[in-house]
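Next comes data16.txt, with compact mmCIF, C-alpha atoms.
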```txt
# COMPACT_ATOMS: atom_id res chain seq x y z
CA MET A 1 5.87 -56.38 -4.23
CA SER A 2 3.93 -59.49 -5.04
CA THR A 3 1.08 -59.02 -7.44
CA PRO A 4 -1.85 -61.33 -7.94
CA ASN A 5 -1.66 -63.33 -11.12
CA ILE A 6 -5.04 -64.36 -12.33
CA ASP A 7 -3.50 -65.93 -15.40
CA ASN A 8 -1.72 -68.83 -13.77
CA THR A 9 -4.35 -70.72 -11.86
CA PRO A 10 -3.87 -74.47 -12.32
CA GLU A 11 -6.78 -74.82 -14.68
CA ALA A 12 -6.02 -71.88 -16.93
CA PRO A 13 -3.96 -72.43 -20.08
CA THR A 14 -0.95 -70.18 -19.64
CA ASP A 15 -0.80 -69.12 -23.27
CA ALA A 16 -4.46 -68.31 -23.75
CA ALA A 17 -5.59 -64.84 -24.71
CA ILE A 18 -7.41 -62.92 -21.99
CA LEU A 19 -10.37 -60.67 -22.76
CA ASP A 20 -11.60 -58.61 -19.82
CA VAL A 21 -14.98 -57.28 -20.93
CA ARG A 22 -15.63 -55.21 -17.83
CA VAL A 23 -14.08 -52.15 -19.48
CA ILE A 24 -16.05 -52.56 -22.71
CA PRO A 25 -19.24 -50.55 -23.39
CA PRO A 26 -22.36 -52.72 -23.17
CA ARG A 27 -23.27 -52.95 -26.83
CA GLU A 28 -19.67 -53.67 -27.85
CA LYS A 29 -19.15 -56.58 -25.45
CA HIS A 30 -20.64 -59.48 -27.39
CA PRO A 31 -19.21 -58.36 -30.77
CA ALA A 32 -15.76 -58.14 -29.16
CA ILE A 33 -16.16 -61.61 -27.66
CA PHE A 34 -17.21 -63.15 -30.98
CA GLU A 35 -14.42 -61.24 -32.77
CA THR A 36 -11.94 -62.81 -30.38
CA PHE A 37 -13.47 -66.28 -30.72
CA ASP A 38 -13.56 -66.16 -34.52
CA ASP A 39 -9.85 -65.34 -34.58
CA LEU A 40 -8.97 -68.52 -32.68
CA ALA A 41 -7.45 -71.46 -34.48
CA GLU A 42 -8.99 -74.87 -33.87
CA GLY A 43 -7.96 -76.14 -30.44
CA GLU A 44 -7.14 -72.66 -29.13
CA SER A 45 -8.99 -70.90 -26.37
CA PHE A 46 -9.31 -67.54 -24.67
CA ILE A 47 -10.27 -66.56 -21.16
CA LEU A 48 -13.25 -64.29 -20.74
CA VAL A 49 -13.29 -62.14 -17.59
CA ASN A 50 -16.56 -60.57 -16.48
CA ASP A 51 -18.32 -59.19 -13.42
CA HIS A 52 -21.27 -61.59 -13.61
CA ASP A 53 -22.07 -65.06 -14.84
CA PRO A 54 -22.12 -64.73 -18.66
CA LEU A 55 -24.81 -67.38 -19.07
CA PRO A 56 -26.78 -65.37 -21.68
CA LEU A 57 -23.61 -65.26 -23.74
CA ARG A 58 -23.38 -69.04 -23.56
CA TYR A 59 -26.89 -69.30 -24.97
CA GLN A 60 -25.90 -66.94 -27.78
CA PHE A 61 -22.86 -69.12 -28.51
CA GLN A 62 -25.08 -72.20 -28.62
CA PHE A 63 -27.25 -70.46 -31.18
CA GLU A 64 -24.56 -68.72 -33.24
CA ARG A 65 -21.64 -71.18 -32.99
CA GLU A 66 -23.38 -74.48 -32.28
CA GLY A 67 -20.94 -77.36 -31.96
CA LEU A 68 -17.92 -75.14 -32.41
CA PHE A 69 -17.09 -74.03 -28.90
CA GLY A 70 -16.16 -75.33 -25.47
CA TRP A 71 -17.14 -73.58 -22.24
CA LYS A 72 -15.36 -74.10 -18.93
CA TYR A 73 -15.72 -72.02 -15.78
CA LEU A 74 -12.42 -71.18 -14.12
CA GLU A 75 -13.83 -68.86 -11.47
CA GLN A 76 -17.43 -68.21 -10.50
CA GLY A 77 -17.74 -65.03 -8.51
CA PRO A 78 -18.67 -63.46 -6.32
CA THR A 79 -16.81 -60.51 -7.84
CA VAL A 80 -15.15 -61.95 -10.93
CA TRP A 81 -16.18 -64.71 -13.33
CA ARG A 82 -13.62 -66.31 -15.65
CA VAL A 83 -14.60 -68.67 -18.42
CA GLU A 84 -12.32 -70.49 -20.82
CA ILE A 85 -13.97 -70.46 -24.23
CA SER A 86 -12.32 -72.79 -26.71
CA ARG A 87 -12.69 -73.44 -30.41
CA LYS A 88 -13.23 -77.15 -30.93
CA GLU A 89 -11.11 -79.07 -33.33
CA GLY A 90 -13.09 -80.38 -36.26
CA GLY A 91 -16.21 -78.58 -35.06
CA ALA A 92 -19.32 -78.94 -37.13
CA MET B 93 -3.90 -59.45 -17.62
CA ARG B 94 -4.41 -57.55 -14.41
CA LEU B 95 -7.19 -55.00 -14.29
CA THR B 96 -5.77 -52.01 -12.45
CA LEU B 97 -7.29 -48.85 -11.01
CA SER B 98 -5.49 -45.53 -11.39
CA ASP B 99 -5.54 -43.27 -8.36
CA ALA B 100 -6.67 -40.52 -10.74
CA ALA B 101 -10.10 -42.14 -10.36
CA ASP B 102 -10.42 -40.64 -6.90
CA THR B 103 -8.10 -37.77 -6.21
CA GLU B 104 -9.35 -37.41 -2.65
CA ALA B 105 -8.72 -40.99 -1.58
CA GLY B 106 -5.61 -42.07 0.27
CA PRO B 107 -3.90 -45.35 -0.60
CA ASP B 108 -5.96 -47.39 1.86
CA GLU B 109 -9.27 -45.97 0.63
CA LEU B 110 -8.22 -46.54 -2.97
CA LEU B 111 -7.31 -50.13 -2.24
CA ASP B 112 -10.65 -50.73 -0.52
CA ALA B 113 -12.47 -49.32 -3.54
CA ALA B 114 -10.37 -51.41 -5.91
CA ARG B 115 -11.16 -54.57 -4.01
CA ARG B 116 -14.89 -53.82 -3.97
CA ARG B 117 -14.87 -53.47 -7.75
CA GLY B 118 -12.78 -56.56 -8.45
CA PHE B 119 -9.56 -54.88 -9.56
CA ALA B 120 -6.30 -56.79 -9.25
CA GLY B 121 -4.15 -53.76 -8.51
CA VAL B 122 -3.71 -50.02 -8.33
CA GLU B 123 -1.47 -47.52 -10.07
CA LEU B 124 -0.29 -44.53 -8.06
CA SER B 125 0.61 -41.07 -9.32
CA ARG B 126 0.23 -38.58 -6.48
CA ASP B 127 2.87 -37.52 -3.96
CA LEU B 128 4.97 -40.42 -5.17
CA PRO B 129 8.20 -40.16 -3.17
CA ARG B 130 6.30 -40.02 0.13
CA VAL B 131 3.73 -42.65 -0.83
CA ALA B 132 6.44 -44.96 -2.14
CA ALA B 133 8.48 -44.53 1.04
CA ASP B 134 5.41 -45.27 3.17
CA LEU B 135 4.79 -48.41 1.16
CA HIS B 136 8.39 -49.47 1.54
CA ALA B 137 8.29 -48.85 5.28
CA GLY B 138 5.06 -50.79 5.66
CA ARG B 139 3.05 -47.77 6.79
CA TRP B 140 0.38 -48.95 4.39
CA THR B 141 0.12 -52.33 2.73
CA PRO B 142 -2.00 -53.61 -0.12
CA ALA B 143 -4.61 -56.11 0.97
CA GLU B 144 -4.15 -59.72 0.04
CA GLY B 145 -4.75 -60.23 -3.65
CA LEU B 146 -4.03 -56.64 -4.65
CA GLY B 147 -0.80 -55.29 -6.07
CA VAL B 148 0.77 -51.91 -6.80
CA GLU B 149 1.24 -52.13 -10.55
CA GLY B 150 3.17 -48.90 -11.02
CA PHE B 151 4.18 -45.43 -9.97
CA ARG B 152 3.24 -43.11 -12.84
CA THR B 153 5.03 -39.78 -12.87
CA ALA B 154 3.66 -36.56 -14.35
CA GLU B 155 7.06 -35.56 -15.72
CA ALA B 156 10.06 -37.57 -16.82
CA GLN B 157 12.35 -35.75 -14.40
CA ASP B 158 10.37 -37.18 -11.47
CA ALA B 159 11.92 -40.57 -12.21
CA TYR B 160 15.31 -39.22 -11.12
CA HIS B 161 14.15 -39.01 -7.52
CA PRO B 162 16.45 -41.48 -5.73
CA ARG B 163 13.74 -42.60 -3.33
CA LEU B 164 11.50 -43.60 -6.22
CA ARG B 165 14.25 -45.61 -7.86
CA ASP B 166 15.18 -47.25 -4.56
CA VAL B 167 11.60 -48.26 -3.82
CA SER B 168 11.17 -49.54 -7.37
CA SER B 169 14.27 -51.62 -6.83
CA ALA B 170 13.24 -52.91 -3.41
CA LEU B 171 9.63 -53.73 -4.25
CA GLY B 172 9.77 -54.37 -7.98
CA VAL B 173 7.17 -51.68 -8.70
CA PRO B 174 7.80 -50.13 -12.14
CA VAL B 175 8.09 -46.36 -12.56
CA ILE B 176 6.19 -45.15 -15.62
CA VAL B 177 7.26 -41.89 -17.25
CA PRO B 178 5.98 -39.83 -20.22
CA LEU B 179 7.89 -41.06 -23.22
CA GLU B 180 7.46 -37.99 -25.43
CA GLU B 181 9.49 -35.94 -22.99
CA LEU B 182 12.08 -38.61 -22.33
CA SER B 183 12.66 -39.40 -26.00
CA ARG B 184 14.02 -35.90 -26.66
CA HIS B 185 17.15 -36.87 -24.80
CA ALA B 186 17.81 -40.45 -25.83
CA GLY B 187 21.24 -40.66 -24.21
CA ALA B 188 20.00 -39.42 -20.85
CA ALA B 189 16.93 -41.64 -21.11
CA ARG B 190 19.07 -44.68 -21.72
CA ARG B 191 21.34 -43.87 -18.77
CA LEU B 192 18.30 -43.47 -16.55
CA ALA B 193 16.82 -46.78 -17.69
CA GLU B 194 20.19 -48.48 -17.14
CA SER B 195 20.43 -47.08 -13.62
CA TYR B 196 17.02 -48.53 -12.82
CA ALA B 197 17.95 -51.87 -14.32
CA GLU B 198 21.28 -52.01 -12.49
CA SER B 199 19.59 -51.39 -9.16
CA GLY B 200 16.90 -53.97 -9.86
CA GLY B 201 14.20 -51.41 -10.56
CA ARG B 202 12.10 -51.04 -13.68
CA LEU B 203 11.53 -47.98 -15.85
CA VAL B 204 8.60 -47.88 -18.27
CA GLY B 205 7.97 -45.30 -21.00
CA GLY B 206 4.35 -44.39 -21.69
CA SER B 207 2.82 -42.99 -24.86
CA SER B 208 -0.21 -43.23 -27.14
CA ASP B 209 2.06 -43.29 -30.18
CA PRO B 210 2.92 -46.83 -31.29
CA ASP B 211 5.81 -45.53 -33.38
CA LEU B 212 7.36 -43.99 -30.29
CA LEU B 213 6.99 -47.28 -28.43
CA ARG B 214 8.75 -49.01 -31.31
CA TRP B 215 11.50 -46.37 -31.14
CA VAL B 216 12.20 -47.42 -27.56
CA GLY B 217 13.04 -50.95 -28.66
CA GLY B 218 15.82 -49.66 -30.89
CA HIS B 219 17.24 -47.03 -28.56
CA ILE B 220 16.51 -47.98 -24.94
CA PRO B 221 16.22 -51.76 -24.77
CA GLU B 222 16.32 -51.69 -20.96
CA MET B 223 13.00 -49.84 -20.90
CA ALA B 224 9.56 -51.43 -20.97
CA VAL B 225 6.62 -49.55 -22.50
CA SER B 226 3.07 -48.54 -21.69
CA LEU B 227 0.46 -47.83 -24.39
CA ASP B 228 -2.18 -45.16 -23.81
CA VAL B 229 -5.49 -46.17 -25.38
CA ILE B 230 -7.84 -43.26 -26.11
CA PRO B 231 -11.32 -44.41 -27.21
CA GLY B 232 -12.30 -42.82 -30.50
CA GLU B 233 -8.69 -42.02 -31.35
CA THR B 234 -6.63 -45.18 -30.89
CA THR B 235 -7.21 -47.68 -33.68
CA PRO B 236 -7.01 -51.49 -33.58
CA GLY B 237 -4.01 -51.09 -35.89
CA ASP B 238 -2.28 -48.92 -33.27
CA VAL B 239 -2.79 -51.65 -30.67
CA SER B 240 -1.45 -54.33 -32.97
CA ARG B 241 1.57 -52.28 -33.99
CA ALA B 242 2.43 -51.44 -30.39
CA ALA B 243 2.09 -55.08 -29.34
CA ASP B 244 4.04 -56.41 -32.30
CA ALA B 245 6.86 -53.90 -31.84
CA SER B 246 7.16 -54.34 -28.10
CA GLY B 247 6.27 -57.96 -27.37
CA ASP B 248 6.77 -58.76 -23.69
CA ARG B 249 8.16 -55.25 -23.11
CA LEU B 250 4.58 -53.95 -23.38
CA THR B 251 3.87 -54.24 -19.66
CA HIS B 252 1.07 -51.68 -19.24
CA VAL B 253 -1.90 -50.46 -21.23
CA ARG B 254 -3.71 -47.41 -19.89
CA LEU B 255 -7.33 -47.05 -20.99
CA PHE B 256 -8.90 -43.60 -20.69
CA GLY B 257 -12.41 -44.52 -19.64
CA GLY B 258 -14.13 -47.70 -18.56
CA GLY B 259 -15.74 -47.81 -15.12
CA PRO B 260 -18.70 -45.42 -14.97
CA GLU B 261 -17.76 -43.99 -18.37
CA ALA B 262 -18.21 -47.25 -20.24
CA PRO B 263 -21.86 -46.64 -21.22
CA ASP B 264 -20.89 -43.24 -22.66
CA GLN B 265 -18.11 -44.84 -24.70
CA ASP B 266 -20.47 -46.98 -26.71
CA GLY B 267 -19.51 -46.86 -30.38
CA THR B 268 -15.94 -45.71 -29.80
CA GLY B 269 -14.48 -49.10 -30.59
CA VAL B 270 -13.24 -50.08 -27.13
CA GLY B 271 -14.51 -53.62 -27.67
CA SER B 272 -12.46 -54.11 -30.80
CA LEU B 273 -9.39 -52.53 -29.17
CA MET B 274 -9.64 -54.93 -26.24
CA SER B 275 -10.17 -57.86 -28.59
CA HIS B 276 -7.01 -56.95 -30.48
CA LEU B 277 -5.13 -56.63 -27.21
CA ALA B 278 -6.33 -60.06 -26.12
CA ARG B 279 -5.41 -61.63 -29.44
CA LYS B 280 -1.88 -60.23 -29.07
CA ARG B 281 -1.68 -62.18 -25.78
CA PHE B 282 -1.22 -59.06 -23.67
CA ARG B 283 -0.69 -60.21 -20.07
CA GLY B 284 0.37 -57.02 -18.29
CA ALA B 285 -1.59 -54.41 -16.35
CA LEU B 286 -4.68 -52.87 -17.95
CA VAL B 287 -4.98 -49.57 -16.12
CA VAL B 288 -8.29 -47.72 -16.23
CA THR B 289 -8.32 -44.00 -15.57
CA PRO B 290 -10.86 -41.20 -16.04
CA SER B 291 -10.79 -39.63 -19.48
CA HIS B 292 -11.52 -36.15 -18.12
CA ARG B 293 -11.78 -34.33 -14.83
CA ARG B 294 -15.47 -33.73 -15.42
CA TYR B 295 -16.09 -37.40 -14.62
CA ARG B 296 -14.49 -37.23 -11.19
CA VAL B 297 -17.77 -37.22 -9.28
CA ALA B 298 -19.07 -40.14 -11.33
CA TRP B 299 -15.90 -42.14 -10.62
CA ARG B 300 -15.92 -41.34 -6.94
CA THR B 301 -19.56 -42.36 -6.67
CA TRP B 302 -19.00 -45.53 -8.70
CA LEU B 303 -16.02 -46.58 -6.60
CA GLY B 304 -17.98 -46.03 -3.43
CA ARG B 305 -20.51 -48.66 -4.34
CA ARG B 306 -20.14 -52.38 -4.02
CA GLY B 307 -20.94 -54.76 -6.83
CA GLY B 308 -20.49 -55.33 -10.53
CA TRP B 309 -19.60 -52.85 -13.19
CA GLY B 310 -23.16 -52.49 -14.43
CA CYS B 311 -23.93 -52.84 -18.12
CA GLY B 312 -25.83 -56.06 -17.57
CA GLY B 313 -23.70 -56.85 -14.54
CA SER B 314 -24.74 -58.15 -11.18
CA SER B 315 -25.85 -54.69 -10.13
CA VAL B 316 -27.37 -51.79 -11.92
CA ASP B 317 -25.27 -48.67 -12.23
CA LEU B 318 -26.68 -45.30 -13.00
CA PRO B 319 -25.51 -43.67 -16.21
CA VAL B 320 -22.81 -41.08 -15.99
CA VAL B 321 -24.17 -37.72 -14.91
CA GLU B 322 -21.96 -34.68 -15.01
CA LEU B 323 -22.58 -33.18 -11.64
CA GLU B 324 -20.05 -30.45 -12.03
CA ALA B 325 -19.95 -27.98 -14.87
CA GLY B 326 -16.72 -27.49 -16.73
CA GLY B 327 -13.69 -28.84 -14.92
```
What do you get writing this file as structure tokens?
Amino acid sequence: MSTPNIDNTPEAPTDAAILDVRVIPPREKHPAIFETFDDLAEGESFILVNDHDPLPLRYQFQFEREGLFGWKYLEQGPTVWRVEISRKEGGA
Amino acid sequence: MRLTLSDAADTEAGPDELLDAARRRGFAGVELSRDLPRVAADLHAGRWTPAEGLGVEGFRTAEAQDAYHPRLRDVSSALGVPVIVPLEELSRHAGAARRLAESYAESGGRLVGGSSDPDLLRWVGGHIPEMAVSLDVIPGETTPGDVSRAADASGDRLTHVRLFGGGPEAPDQDGTGVGSLMSHLARKRFRGALVVTPSHRRYRVAWRTWLGRRGGWGCGGSSVDLPVVELEAGG
């Protein structure tokens, strides 16, 4: 039985952590995302999976973690969005 | 990580209906638990087939003895679908459990032991190395430490995590620590199936309604979901 593997698309780092926030209660989503980000070492990344474009989150990152993060869309809907969020090396 | 829908979410749906609902909600797979020998045989014979992009992530049995059904083992072997059994029951007879896991492995099938107890999952590693494990995550009870211990003890043998809740229950689970549990799971590089299942029968109408709609999961998603309403008393 073949199963879909959303982890191994060409763009996605194969060793990155994956955080699927669709199962997380609304008010716990952003704290969980920042908890995951803050645990990254410099140069590491994780893949965020969501059911909509997390653009408001990106604005929050720009405010809260300015200069520290990278943001790359791996999939943009219509059902699932995946974003690789990385911790920059030598970030300000 | 593959987000997976348990068929406990809609006990009236057949495999095809369940797969349609899973696709609408963006799941990557389904986990089946009802009428397993017949359903597994139908799958094997091609009488129903998952749509492109969806997988059957497991057959979950209610009792450990169900895993002895030869048809289940044969289908697991032929299709590579793991059979997930309650570990508490199986662990009482370690020798028999090991022989069962070996028989699955020898035939090319996969046996998985499920429990909410990280110490029991660790016990498997020392006694039944042929067996993979599934962690049950119960919001409000399971701690981030439980998740870390289970992941550390099992490594790649942790192939399934079953979350009691999510879906239409997510708004009601605010404050139970699901976010931190999922963060810990991510940081442990979990890459198996994350199976969501109702936490209680009283939510069955909410799940059935939620699965019947198209769109996002709500909670600031691309569509607005109604909060969970208990439409049936008791249950």
Would you mind reading off the distance between atom CA of Ser183 of chain B and atom CA of Leu171 of chain B, one decimal, in Å? 26.2 Å
So that I can see what lies close to Ile85 of chain A, please list as a list in words the residues with an atom at most 8 Å from it, counting all atoms listed in the file and leaving out residues fewer than 2 positions away in the same chain.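 My reading of the contact set: Phe37, Ser45, Phe46, Ile47, Leu48, Phe69, Gly70, Trp71, Lys72, Val83 and Arg87 of chain A.
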Residues within 6 Å of Glu28 of chain A, please, as a ChimeraX atom specification. Count only C-alpha atoms; anything in the same chain fewer than 3 positions from it doesn't count. /A:25,31 /B:271
Selected residues written out, C-alpha atoms, as a compact mmCIF listing (two decimals), in the frame of the given file:
```
# COMPACT_ATOMS: atom_id res chain seq x y z
CA PRO A 25 -19.24 -50.55 -23.39
CA PRO A 31 -19.21 -58.36 -30.77
CA GLY B 271 -14.51 -53.62 -27.67
```
Expected answer as a list in words: chain B residues within 6 Å of chain A, all atoms listed in the file: Gly118, Gly145, Gly147, Leu171, Gly172, Gly258, Ala262, Pro263, Gln265, Asp266, Val270, Gly271, Ser272, Ser275, Ala278, Arg279, Arg281, Gly308, Cys311, Gly313 and Ser314 of chain B
Pairwise distance for atom CA of Met274 of chain B and atom CA of Pro236 of chain B, rounded to one decimal in Å: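 It comes out at 8.5 Å.
Taking atom CA of Ser98 of chain B and atom CA of Lys280 of chain B as the two end points, the separation is 23.3 Å.
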Quick one: residues within 6 Å of segment 291-304 of chain B, only C-alpha atoms counted, chain neighbours fewer than 2 positions away excluded, as a list in words? Ala101, Asp102, Ala113, Phe256, Gly257 and Gly327 of chain B
Would you save the residues of that selection, restricted to C-alpha atoms, as a PDB file, keeping the file's coordinate frame?
```pdb
ATOM      1  CA  ALA B 101     -10.100 -42.140 -10.360  1.00  0.00           C
ATOM      2  CA  ASP B 102     -10.420 -40.640  -6.900  1.00  0.00           C
ATOM      3  CA  ALA B 113     -12.470 -49.320  -3.540  1.00  0.00           C
ATOM      4  CA  PHE B 256      -8.900 -43.600 -20.690  1.00  0.00           C
ATOM      5  CA  GLY B 257     -12.410 -44.520 -19.640  1.00  0.00           C
ATOM      6  CA  GLY B 327     -13.690 -28.840 -14.920  1.00  0.00           C
TER       7      GLY B 327
END
```
Restricting the calculation to only C-alpha atoms: of B:Ala156, B:Leu164, B:Leu227, B:Leu179, which residue gets closest to Asp134 of chain B? B:Leu164
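Excluding Ser208 of chain B and any residue on its chain fewer than 6 positions from it, the residues at most 8 Å away by only C-alpha atoms are Leu227, Asp228, Val229, Ile230 and Thr234 of chain B.
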Excluding Pro174 of chain B and any residue of its chain fewer than 6 positions from it, enumerate the residues within 6 Å of it, using only C-alpha atoms, and give them as an NGL selection string. :B and (150 or 168 or 202-203)
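Shortest atom-to-atom contact with Ser125 of chain B among B:Ala193, B:Ala143, B:Leu277, B:Ala159: B:Ala159, counting all atoms listed in the file.
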